[in-house]
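For reference, coords16.cif is printed below; it contains mmCIF, C-alpha atoms, pLDDT in the B column; chains and numbers go by the auth columns.
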```cif
data_run
loop_
_atom_site.group_PDB
_atom_site.id
_atom_site.type_symbol
_atom_site.label_atom_id
_atom_site.label_comp_id
_atom_site.label_asym_id
_atom_site.label_seq_id
_atom_site.Cartn_x
_atom_site.Cartn_y
_atom_site.Cartn_z
_atom_site.B_iso_or_equiv
_atom_site.auth_seq_id
_atom_site.auth_asym_id
ATOM 1 C CA MET A 1 84.005 95.018 161.631 48.00 19 A
ATOM 2 C CA PHE A 2 85.194 97.925 163.753 58.00 20 A
ATOM 3 C CA SER A 3 84.752 101.267 162.008 72.00 21 A
ATOM 4 C CA GLU A 4 85.178 104.926 162.856 85.00 22 A
ATOM 5 C CA PRO A 5 81.826 106.417 163.929 95.00 23 A
ATOM 6 C CA ARG A 6 80.514 109.036 161.550 97.00 24 A
ATOM 7 C CA SER A 7 79.431 111.108 164.529 98.00 25 A
ATOM 8 C CA GLY A 8 83.073 111.137 165.625 97.00 26 A
ATOM 9 C CA ARG A 9 84.206 112.601 162.318 96.00 27 A
ATOM 10 C CA LEU A 10 81.361 115.137 162.391 98.00 28 A
ATOM 11 C CA ALA A 11 82.191 116.245 165.925 98.00 29 A
ATOM 12 C CA ALA A 12 85.963 116.357 165.437 97.00 30 A
ATOM 13 C CA TRP A 13 85.963 118.298 162.188 97.00 31 A
ATOM 14 C CA GLY A 14 82.943 120.369 163.187 98.00 32 A
ATOM 15 C CA ASN A 15 84.844 121.467 166.286 97.00 33 A
ATOM 16 C CA ALA A 16 87.915 122.301 164.215 97.00 34 A
ATOM 17 C CA LEU A 17 85.734 124.363 161.875 97.00 35 A
ATOM 18 C CA LEU A 18 83.970 126.197 164.710 96.00 36 A
ATOM 19 C CA ALA A 19 87.354 127.050 166.247 96.00 37 A
ATOM 20 C CA GLY A 20 88.757 128.298 162.940 96.00 38 A
ATOM 21 C CA PHE A 21 91.381 125.581 162.476 97.00 39 A
ATOM 22 C CA VAL A 22 90.030 124.339 159.107 97.00 40 A
ATOM 23 C CA SER A 23 87.978 125.680 156.211 97.00 41 A
ATOM 24 C CA PRO A 24 84.369 124.589 155.562 96.00 42 A
ATOM 25 C CA ASP A 25 85.451 122.651 152.473 97.00 43 A
ATOM 26 C CA ASP A 26 88.155 120.758 154.363 96.00 44 A
ATOM 27 C CA ALA A 27 85.763 119.952 157.209 97.00 45 A
ATOM 28 C CA VAL A 28 83.046 118.643 154.892 97.00 46 A
ATOM 29 C CA HIS A 29 85.543 116.580 152.892 96.00 47 A
ATOM 30 C CA ALA A 30 86.851 114.937 156.056 95.00 48 A
ATOM 31 C CA VAL A 31 83.379 114.232 157.467 97.00 49 A
ATOM 32 C CA VAL A 32 82.047 112.706 154.243 96.00 50 A
ATOM 33 C CA GLY A 33 85.126 110.535 153.787 92.00 51 A
ATOM 34 C CA ASP A 34 84.370 107.625 151.464 90.00 52 A
ATOM 35 C CA ASP A 35 80.612 108.234 151.497 94.00 53 A
ATOM 36 C CA ALA A 36 78.916 109.703 148.432 94.00 54 A
ATOM 37 C CA VAL A 37 77.038 112.535 150.107 95.00 55 A
ATOM 38 C CA HIS A 38 75.836 113.761 153.489 97.00 56 A
ATOM 39 C CA ARG A 39 72.656 115.787 153.970 98.00 57 A
ATOM 40 C CA VAL A 40 71.062 117.294 157.075 98.00 58 A
ATOM 41 C CA GLU A 41 67.295 117.113 157.609 98.00 59 A
ATOM 42 C CA GLY A 42 65.137 118.823 160.226 97.00 60 A
ATOM 43 C CA LEU A 43 67.437 121.798 160.727 97.00 61 A
ATOM 44 C CA PRO A 44 65.534 124.730 162.285 95.00 62 A
ATOM 45 C CA GLY A 45 64.646 127.271 159.624 91.00 63 A
ATOM 46 C CA GLU A 46 65.028 124.805 156.732 93.00 64 A
ATOM 47 C CA SER A 47 62.022 123.062 155.184 92.00 65 A
ATOM 48 C CA ALA A 48 64.108 120.580 153.178 95.00 66 A
ATOM 49 C CA PRO A 49 67.391 118.694 153.569 96.00 67 A
ATOM 50 C CA VAL A 50 70.513 120.820 153.148 97.00 68 A
ATOM 51 C CA GLY A 51 74.160 120.142 152.492 97.00 69 A
ATOM 52 C CA LEU A 52 76.655 119.648 155.280 97.00 70 A
ATOM 53 C CA SER A 53 78.491 122.941 154.736 96.00 71 A
ATOM 54 C CA LEU A 54 75.312 125.009 154.973 97.00 72 A
ATOM 55 C CA ALA A 55 74.163 122.966 157.973 97.00 73 A
ATOM 56 C CA LEU A 56 77.373 123.555 159.934 97.00 74 A
ATOM 57 C CA GLY A 57 77.101 127.275 159.283 96.00 75 A
ATOM 58 C CA ARG A 58 73.472 127.315 160.389 96.00 76 A
ATOM 59 C CA LEU A 59 74.281 125.368 163.554 97.00 77 A
ATOM 60 C CA ARG A 60 76.908 127.992 164.410 97.00 78 A
ATOM 61 C CA ALA A 61 74.306 130.744 163.877 96.00 79 A
ATOM 62 C CA LEU A 62 71.903 128.869 166.173 96.00 80 A
ATOM 63 C CA GLY A 63 74.428 129.068 168.998 96.00 81 A
ATOM 64 C CA THR A 64 76.470 125.887 168.605 97.00 82 A
ATOM 65 C CA THR A 65 79.885 126.342 170.201 96.00 83 A
ATOM 66 C CA GLY A 66 81.041 122.723 169.996 96.00 84 A
ATOM 67 C CA LEU A 67 80.010 119.165 169.182 97.00 85 A
ATOM 68 C CA ARG A 68 80.023 116.134 171.453 97.00 86 A
ATOM 69 C CA VAL A 69 79.683 112.440 170.612 98.00 87 A
ATOM 70 C CA ALA A 70 77.401 109.760 172.038 98.00 88 A
ATOM 71 C CA LEU A 71 78.011 106.052 171.377 97.00 89 A
ATOM 72 C CA PRO A 72 75.146 104.287 173.191 97.00 90 A
ATOM 73 C CA ALA A 73 74.491 100.551 173.343 94.00 91 A
ATOM 74 C CA PRO A 74 71.646 98.557 174.933 93.00 92 A
ATOM 75 C CA GLY A 75 71.798 99.148 178.671 93.00 93 A
ATOM 76 C CA HIS A 76 74.513 101.794 178.290 94.00 94 A
ATOM 77 C CA PRO A 77 73.289 105.284 177.235 96.00 95 A
ATOM 78 C CA LEU A 78 76.856 106.523 176.810 96.00 96 A
ATOM 79 C CA GLY A 79 76.940 110.266 176.093 96.00 97 A
ATOM 80 C CA LEU A 80 73.162 110.766 176.026 97.00 98 A
ATOM 81 C CA SER A 81 71.102 113.172 178.109 94.00 99 A
ATOM 82 C CA GLY A 82 67.606 112.816 176.649 95.00 100 A
ATOM 83 C CA PRO A 83 64.836 113.290 175.774 97.00 101 A
ATOM 84 C CA PRO A 84 63.557 109.724 175.128 96.00 102 A
ATOM 85 C CA GLU A 85 62.872 110.264 171.394 96.00 103 A
ATOM 86 C CA PHE A 86 66.418 111.379 170.716 98.00 104 A
ATOM 87 C CA ASN A 87 67.869 108.659 172.926 97.00 105 A
ATOM 88 C CA ALA A 88 65.862 105.987 171.083 97.00 106 A
ATOM 89 C CA ARG A 89 67.051 107.156 167.664 98.00 107 A
ATOM 90 C CA ALA A 90 70.640 107.414 168.837 98.00 108 A
ATOM 91 C CA LEU A 91 70.486 103.945 170.371 97.00 109 A
ATOM 92 C CA GLU A 92 69.147 102.510 167.106 97.00 110 A
ATOM 93 C CA ALA A 93 71.996 104.158 165.158 98.00 111 A
ATOM 94 C CA GLU A 94 74.476 103.390 167.968 96.00 112 A
ATOM 95 C CA GLU A 95 75.817 106.931 167.690 98.00 113 A
ATOM 96 C CA ALA A 96 74.932 110.615 167.614 98.00 114 A
ATOM 97 C CA ALA A 97 76.482 114.072 167.642 98.00 115 A
ATOM 98 C CA ILE A 98 75.197 116.658 170.125 98.00 116 A
ATOM 99 C CA CYS A 99 75.473 120.427 169.718 97.00 117 A
ATOM 100 C CA GLN A 100 76.835 122.289 172.708 95.00 118 A
ATOM 101 C CA GLY A 101 74.920 125.558 173.163 94.00 119 A
ATOM 102 C CA ALA A 102 72.061 124.856 170.755 95.00 120 A
ATOM 103 C CA ALA A 103 70.138 121.978 172.427 95.00 121 A
ATOM 104 C CA LEU A 104 70.144 120.000 169.180 98.00 122 A
ATOM 105 C CA GLY A 105 71.397 116.541 168.267 98.00 123 A
ATOM 106 C CA LEU A 106 72.148 114.823 164.967 98.00 124 A
ATOM 107 C CA VAL A 107 71.610 111.123 164.338 98.00 125 A
ATOM 108 C CA PRO A 108 72.932 109.527 161.125 98.00 126 A
ATOM 109 C CA GLU A 109 70.747 107.371 158.899 97.00 127 A
ATOM 110 C CA VAL A 110 72.910 105.403 156.465 96.00 128 A
ATOM 111 C CA HIS A 111 71.553 104.273 153.105 94.00 129 A
ATOM 112 C CA GLU A 112 73.590 101.855 150.988 92.00 130 A
ATOM 113 C CA ALA A 113 73.014 100.677 147.421 91.00 131 A
ATOM 114 C CA GLY A 114 75.011 98.769 144.835 86.00 132 A
ATOM 115 C CA PRO A 115 77.046 95.552 144.640 87.00 133 A
ATOM 116 C CA ARG A 116 79.754 94.619 147.108 83.00 134 A
ATOM 117 C CA GLY A 117 82.920 96.533 146.352 78.00 135 A
ATOM 118 C CA ASP A 118 80.994 99.330 144.664 83.00 136 A
ATOM 119 C CA VAL A 119 78.569 100.444 147.361 86.00 137 A
ATOM 120 C CA HIS A 120 77.044 103.914 147.099 90.00 138 A
ATOM 121 C CA VAL A 121 76.559 105.347 150.595 94.00 139 A
ATOM 122 C CA GLU A 122 74.363 108.317 151.420 96.00 140 A
ATOM 123 C CA VAL A 123 73.981 109.655 154.953 98.00 141 A
ATOM 124 C CA VAL A 124 71.077 111.731 156.241 98.00 142 A
ATOM 125 C CA TRP A 125 71.643 113.434 159.595 98.00 143 A
ATOM 126 C CA ARG A 126 68.340 113.839 161.465 98.00 144 A
ATOM 127 C CA VAL A 127 68.242 116.917 163.690 98.00 145 A
ATOM 128 C CA LEU A 128 66.246 116.568 166.911 98.00 146 A
ATOM 129 C CA PRO A 129 65.941 118.518 170.163 97.00 147 A
ATOM 130 C CA VAL A 130 68.121 117.332 173.049 98.00 148 A
ATOM 131 C CA ARG A 131 68.032 118.011 176.759 96.00 149 A
ATOM 132 C CA GLU A 132 70.765 120.297 178.043 89.00 150 A
ATOM 133 C CA ALA A 133 72.166 118.142 180.843 89.00 151 A
ATOM 134 C CA PRO A 134 75.437 116.349 181.644 87.00 152 A
ATOM 135 C CA PRO A 135 75.987 113.394 179.265 91.00 153 A
ATOM 136 C CA ALA A 136 75.757 109.895 180.720 89.00 154 A
ATOM 137 C CA ASP A 137 78.877 107.971 181.801 91.00 155 A
ATOM 138 C CA VAL A 138 81.527 109.971 179.923 93.00 156 A
ATOM 139 C CA PRO A 139 84.983 109.666 181.553 93.00 157 A
ATOM 140 C CA SER A 140 87.810 112.163 181.532 92.00 158 A
ATOM 141 C CA LEU A 141 90.732 111.523 179.199 93.00 159 A
ATOM 142 C CA GLY A 142 92.856 110.415 182.131 92.00 160 A
ATOM 143 C CA GLU A 143 90.222 107.959 183.341 94.00 161 A
ATOM 144 C CA ALA A 144 89.734 106.627 179.819 94.00 162 A
ATOM 145 C CA GLU A 145 93.450 106.069 179.320 92.00 163 A
ATOM 146 C CA ARG A 146 93.781 104.142 182.582 92.00 164 A
ATOM 147 C CA GLU A 147 90.675 102.049 181.859 90.00 165 A
ATOM 148 C CA LEU A 148 91.930 101.170 178.378 88.00 166 A
ATOM 149 C CA ALA A 149 95.321 99.996 179.584 86.00 167 A
ATOM 150 C CA GLU A 150 93.783 97.827 182.283 85.00 168 A
ATOM 151 C CA GLY A 151 90.967 96.480 180.094 76.00 169 A
ATOM 152 C CA LEU A 152 93.287 95.589 177.224 76.00 170 A
ATOM 153 C CA ARG A 153 95.652 93.760 179.559 80.00 171 A
ATOM 154 C CA GLU A 154 92.869 91.763 181.214 73.00 172 A
ATOM 155 C CA ALA A 155 91.166 90.823 177.939 67.00 173 A
ATOM 156 C CA THR A 156 94.439 89.783 176.302 71.00 174 A
ATOM 157 C CA GLU A 157 95.279 87.541 179.262 73.00 175 A
ATOM 158 C CA VAL A 158 91.895 85.805 179.112 64.00 176 A
ATOM 159 C CA LEU A 159 91.929 85.393 175.325 65.00 177 A
ATOM 160 C CA THR A 160 95.475 84.032 175.395 71.00 178 A
ATOM 161 C CA ARG A 161 94.539 81.542 178.120 65.00 179 A
ATOM 162 C CA LEU A 162 91.614 80.331 176.005 57.00 180 A
ATOM 163 C CA ASP A 163 93.841 80.199 172.891 59.00 181 A
ATOM 164 C CA VAL A 164 91.440 82.470 171.033 54.00 182 A
ATOM 165 C CA ALA A 165 92.614 83.992 167.779 48.00 183 A
ATOM 166 C CA GLY A 166 92.775 87.717 168.296 49.00 184 A
ATOM 167 C CA SER A 167 95.327 87.808 171.099 51.00 185 A
ATOM 168 C CA GLY A 168 98.617 87.062 169.319 56.00 186 A
ATOM 169 C CA PRO A 169 100.746 87.905 166.246 61.00 187 A
ATOM 170 C CA VAL A 170 97.963 87.038 163.785 55.00 188 A
ATOM 171 C CA ALA A 171 95.733 89.609 165.445 56.00 189 A
ATOM 172 C CA GLU A 172 98.521 92.189 165.412 61.00 190 A
ATOM 173 C CA ALA A 173 98.993 91.701 161.667 62.00 191 A
ATOM 174 C CA ALA A 174 95.246 91.918 161.024 56.00 192 A
ATOM 175 C CA ILE A 175 94.958 95.088 163.104 59.00 193 A
ATOM 176 C CA ASP A 176 97.885 96.755 161.329 64.00 194 A
ATOM 177 C CA ALA A 177 96.522 95.810 157.896 60.00 195 A
ATOM 178 C CA TYR A 178 93.057 97.096 158.724 53.00 196 A
ATOM 179 C CA ARG A 179 94.373 100.355 160.099 58.00 197 A
ATOM 180 C CA ALA A 180 96.538 100.865 157.015 60.00 198 A
ATOM 181 C CA ARG A 181 93.461 100.461 154.786 49.00 199 A
ATOM 182 C CA SER A 182 91.034 102.496 156.872 49.00 200 A
ATOM 183 C CA GLU A 183 93.292 105.366 157.926 54.00 201 A
ATOM 184 C CA ARG A 184 95.322 105.926 154.780 48.00 202 A
ATOM 185 C CA GLY A 185 95.530 109.674 154.304 44.00 203 A
ATOM 186 C CA ARG A 186 93.226 110.381 157.282 55.00 204 A
ATOM 187 C CA GLU A 187 94.148 112.128 160.512 67.00 205 A
ATOM 188 C CA VAL A 188 93.133 110.336 163.702 78.00 206 A
ATOM 189 C CA LEU A 189 91.572 113.571 164.987 93.00 207 A
ATOM 190 C CA ALA A 190 91.083 117.008 163.500 96.00 208 A
ATOM 191 C CA PRO A 191 93.497 119.907 164.021 95.00 209 A
ATOM 192 C CA GLY A 192 93.264 121.571 167.421 94.00 210 A
ATOM 193 C CA TYR A 193 92.749 118.440 169.513 96.00 211 A
ATOM 194 C CA PRO A 194 95.152 117.861 172.432 94.00 212 A
ATOM 195 C CA PRO A 195 97.818 115.165 171.901 94.00 213 A
ATOM 196 C CA ARG A 196 96.428 113.114 174.779 94.00 214 A
ATOM 197 C CA ALA A 197 93.066 112.855 173.005 96.00 215 A
ATOM 198 C CA VAL A 198 94.813 111.551 169.889 93.00 216 A
ATOM 199 C CA ARG A 199 96.675 108.985 171.996 92.00 217 A
ATOM 200 C CA VAL A 200 93.513 107.824 173.765 94.00 218 A
ATOM 201 C CA LEU A 201 91.564 107.526 170.510 93.00 219 A
ATOM 202 C CA GLU A 202 94.365 105.536 168.837 89.00 220 A
ATOM 203 C CA LEU A 203 94.420 103.094 171.748 87.00 221 A
ATOM 204 C CA ALA A 204 90.618 102.851 171.795 89.00 222 A
ATOM 205 C CA GLN A 205 90.634 102.056 168.071 85.00 223 A
ATOM 206 C CA ARG A 206 93.276 99.399 168.608 81.00 224 A
ATOM 207 C CA VAL A 207 91.201 97.813 171.375 81.00 225 A
ATOM 208 C CA GLY A 208 88.117 97.926 169.155 80.00 226 A
ATOM 209 C CA LEU A 209 89.989 96.228 166.336 78.00 227 A
ATOM 210 C CA LEU A 210 91.276 93.561 168.704 74.00 228 A
ATOM 211 C CA ILE A 211 87.698 92.792 169.774 75.00 229 A
ATOM 212 C CA THR A 212 86.554 92.637 166.156 73.00 230 A
ATOM 213 C CA VAL A 213 89.335 90.251 165.152 69.00 231 A
ATOM 214 C CA ALA A 214 88.548 88.032 168.138 68.00 232 A
ATOM 215 C CA GLU A 215 84.828 88.010 167.335 66.00 233 A
ATOM 216 C CA GLU A 216 85.286 87.282 163.638 61.00 234 A
ATOM 217 C CA SER A 217 87.991 84.599 163.923 58.00 235 A
ATOM 218 C CA GLY A 218 85.827 81.795 165.231 54.00 236 A
ATOM 219 C CA HIS A 219 86.050 80.198 168.646 52.00 237 A
ATOM 220 C CA GLY A 220 89.667 78.984 168.435 51.00 238 A
ATOM 221 C CA SER A 221 90.083 76.188 170.939 51.00 239 A
ATOM 222 C CA ALA A 222 87.340 77.586 173.186 49.00 240 A
ATOM 223 C CA VAL A 223 85.059 74.703 172.309 55.00 241 A
ATOM 224 C CA THR A 224 83.086 74.245 175.501 67.00 242 A
ATOM 225 C CA ALA A 225 80.089 76.369 176.387 70.00 243 A
ATOM 226 C CA GLY A 226 81.886 77.575 179.482 71.00 244 A
ATOM 227 C CA GLU A 227 84.964 78.674 177.550 65.00 245 A
ATOM 228 C CA ILE A 228 82.864 80.451 174.926 66.00 246 A
ATOM 229 C CA ALA A 229 80.945 82.218 177.694 71.00 247 A
ATOM 230 C CA ALA A 230 84.226 83.209 179.348 68.00 248 A
ATOM 231 C CA ARG A 231 85.450 84.654 176.085 69.00 249 A
ATOM 232 C CA ALA A 232 82.280 86.710 175.645 71.00 250 A
ATOM 233 C CA GLN A 233 82.510 87.874 179.230 74.00 251 A
ATOM 234 C CA ALA A 234 86.096 89.004 178.677 72.00 252 A
ATOM 235 C CA LEU A 235 85.205 90.975 175.544 78.00 253 A
ATOM 236 C CA ARG A 236 82.049 92.677 176.802 83.00 254 A
ATOM 237 C CA PRO A 237 83.556 94.975 179.441 85.00 255 A
ATOM 238 C CA VAL A 238 86.564 95.904 177.347 84.00 256 A
ATOM 239 C CA GLU A 239 84.275 96.840 174.430 87.00 257 A
ATOM 240 C CA ARG A 240 82.421 99.135 176.820 91.00 258 A
ATOM 241 C CA VAL A 241 85.725 100.658 177.946 91.00 259 A
ATOM 242 C CA ALA A 242 86.758 101.249 174.312 91.00 260 A
ATOM 243 C CA ARG A 243 83.492 103.066 173.556 94.00 261 A
ATOM 244 C CA ARG A 244 83.861 105.231 176.671 95.00 262 A
ATOM 245 C CA ALA A 245 87.384 106.142 175.624 95.00 263 A
ATOM 246 C CA GLN A 246 86.309 107.063 172.098 95.00 264 A
ATOM 247 C CA VAL A 247 83.675 109.421 173.472 97.00 265 A
ATOM 248 C CA ALA A 248 86.185 110.978 175.885 96.00 266 A
ATOM 249 C CA ALA A 249 88.634 111.576 173.037 96.00 267 A
ATOM 250 C CA TYR A 250 86.119 113.098 170.625 97.00 268 A
ATOM 251 C CA ASN A 251 84.660 115.275 173.402 96.00 269 A
ATOM 252 C CA ALA A 252 88.049 116.495 174.641 96.00 270 A
ATOM 253 C CA PHE A 253 87.890 119.631 172.491 95.00 271 A
ATOM 254 C CA VAL A 254 84.667 120.802 174.152 93.00 272 A
ATOM 255 C CA GLU A 255 85.815 119.678 177.601 90.00 273 A
ATOM 256 C CA GLU A 256 88.988 121.769 177.356 84.00 274 A
ATOM 257 C CA ARG A 257 87.028 124.806 176.236 80.00 275 A
ATOM 258 C CA GLU A 258 84.631 124.454 179.164 78.00 276 A
ATOM 259 C CA ARG A 259 87.579 124.289 181.592 74.00 277 A
ATOM 260 C CA GLY A 260 89.028 127.444 180.075 69.00 278 A
ATOM 261 C CA VAL A 261 92.075 125.708 178.611 62.00 279 A
ATOM 262 C CA ARG A 262 91.417 127.274 175.201 56.00 280 A
#
```

Can you give me the file's structure in the form of structure tokens?
Amino acid sequence: MFSEPRSGRLAAWGNALLAGFVSPDDAVHAVVGDDAVHRVEGLPGESAPVGLSLALGRLRALGTTGLRVALPAPGHPLGLSGPPEFNARALEAEEAAICQGAALGLVPEVHEAGPRGDVHVEVVWRVLPVREAPPADVPSLGEAERELAEGLREATEVLTRLDVAGSGPVAEAAIDAYRARSERGREVLAPGYPPRAVRVLELAQRVGLLITVAEESGHGSAVTAGEIAARAQALRPVERVARRAQVAAYNAFVEERERGVR
């Protein structure tokens, strides 16, 4: 099931905190969300795991001026810049947050316990050195918006032609219901982000939910191997586009600061 990346929440609310738009308590509350607790391990100067509030303050003192997001997948190191150890951990987690100005990255390790419906979730953010270099394959907001519109249109046409659940009213209802559950009381992005970033992230989330509904609804009438392969082929590139757009949206805060907009 599609879900908001924890690194996205960390970057968005960490950026808002670093820029003075929110308090430390508000930032930590938003990052933790429905999880039980977040801790940070491997922070320079700390011999043991520390809480998220202390960690964000220490990262600022170490020179962090902003946080970026990476959402890599096999064959697609989206947002990464090395070194190999960090890239490997980020690829395993399928996400990471990278500190601008401090050459450090944070990779979440998620630990779950308890019965379904009452799961206790603890997150440990591992801090590792990163290479200060341009991140891989991250588009601008404008590029991401154009790619999303085109990718969504193409995928919907293919899925409709194959009569795959996930391209019609049932999918729309499922998407709206999921968003109502997952976003109740939560801002799409933290204060201080440009409206275009909010718009791009909302569309990327909608595309991601569409892919999830299509993947989880069975094969519809796509019963031949060729039709199933065509369906997978239609979903694969648009999933890549959605991830690129998410990264562009979360990173927009830092991008604007680098261009001197802020």

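Around segment 57-69 of chain A, within 6 Å and counting all atoms listed in the file, the residues found are Leu72, Val142, Trp143, Arg144 and Val145 of chain A, once anything fewer than 3 positions away on its own chain is removed.
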
C-alpha atoms of the current selection, written as a PDB file, in the coordinates of the input:
```
ATOM      1  CA  LEU A  72      75.312 125.009 154.973  1.00 97.00           C
ATOM      2  CA  VAL A 142      71.077 111.731 156.241  1.00 98.00           C
ATOM      3  CA  TRP A 143      71.643 113.434 159.595  1.00 98.00           C
ATOM      4  CA  ARG A 144      68.340 113.839 161.465  1.00 98.00           C
ATOM      5  CA  VAL A 145      68.242 116.917 163.690  1.00 98.00           C
TER       6      VAL A 145
END
```

Residues within 6 Å of (75.3, 102.7, 171.8), counting all atoms listed in the file, listed as a list in words:
Leu89, Pro90, Ala91, Leu109, Glu112 and Glu113 of chain A

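Counting all atoms listed in the file and comparing A:Ala154, A:Val50, A:Ala37, A:Ala30, the residue that lies closest to Ala215 of chain A is A:Ala30.
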
Quick check on the file I pasted: which residues fall under the PyMOL selection byres ((chain A and resi 114-120) around 9)? Write them as a PyMOL selection string.
chain A and resi 23-26+28-29+77-78+80-90+97-98+107-109+111-113+121-126+147-148+150+272

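Those DNA, RNA and protein residues that approach the point (89.4, 114.3, 165.9) to within 6 Å, considering all atoms listed in the file, are Ala30, Val206, Leu207, Ala208 and Tyr268 of chain A.
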
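The interatomic distance for the pair atom CA of Gly32 of chain A and atom CA of Val46 of chain A works out to 8.5 Å.
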
Could you name the residues that touch Ser21 of chain A at 9 Å or less, counting all atoms listed in the file, but leaving out those on the same chain fewer than 3 positions away, as a ChimeraX atom specification?
/A:24,200,223,226-227

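Taking atom CA of Arg76 of chain A and atom CA of Asp52 of chain A as endpoints, the distance between them is 24.2 Å.
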
To verify the selection step, state as a PyMOL selection string which residues the PyMOL selection byres ((chain A and resi 128) around 8) yields on this input.
chain A and resi 126-127+129-130+139-142

Residue subset to file, keeping C-alpha atoms, as a CSV table (one decimal), keeping the file's coordinate frame:
```csv
chain,number,residue,atom,x,y,z
A,126,PRO,CA,72.9,109.5,161.1
A,127,GLU,CA,70.7,107.4,158.9
A,129,HIS,CA,71.6,104.3,153.1
A,130,GLU,CA,73.6,101.9,151.0
A,139,VAL,CA,76.6,105.3,150.6
A,140,GLU,CA,74.4,108.3,151.4
A,141,VAL,CA,74.0,109.7,155.0
A,142,VAL,CA,71.1,111.7,156.2
```

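Counting all atoms listed in the file and comparing A:Glu163, A:Asp44, A:Asp136, A:Glu22, the residue that lies closest to Leu221 of chain A is A:Glu163.
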
To verify the selection step, state as a PyMOL selection string which residues the PyMOL selection byres ((chain A and resi 158) around 9) yields on this input.
chain A and resi 156-157+159-163+263+266-267+270+273

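We find atom CA of Ala34 of chain A and atom CA of Gly210 of chain A to be spaced 6.3 Å apart.
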
Between A:Pro42, A:Arg134, A:Glu110, A:Leu253, which residue has the minimum interatomic distance to Gly75 of chain A, considering all atoms listed in the file?
A:Pro42

Can you tell me, as lines of an AutoDock Vina configuration file, the centre and edge lengths (Å, one decimal) of the axis-aligned box enclosing all of segment 255-266 of chain A's listed atoms after padding each side by 4 Å?
```
center_x = 84.9
center_y = 103.0
center_z = 175.8
size_x = 13.0
size_y = 24.0
size_z = 15.3
```
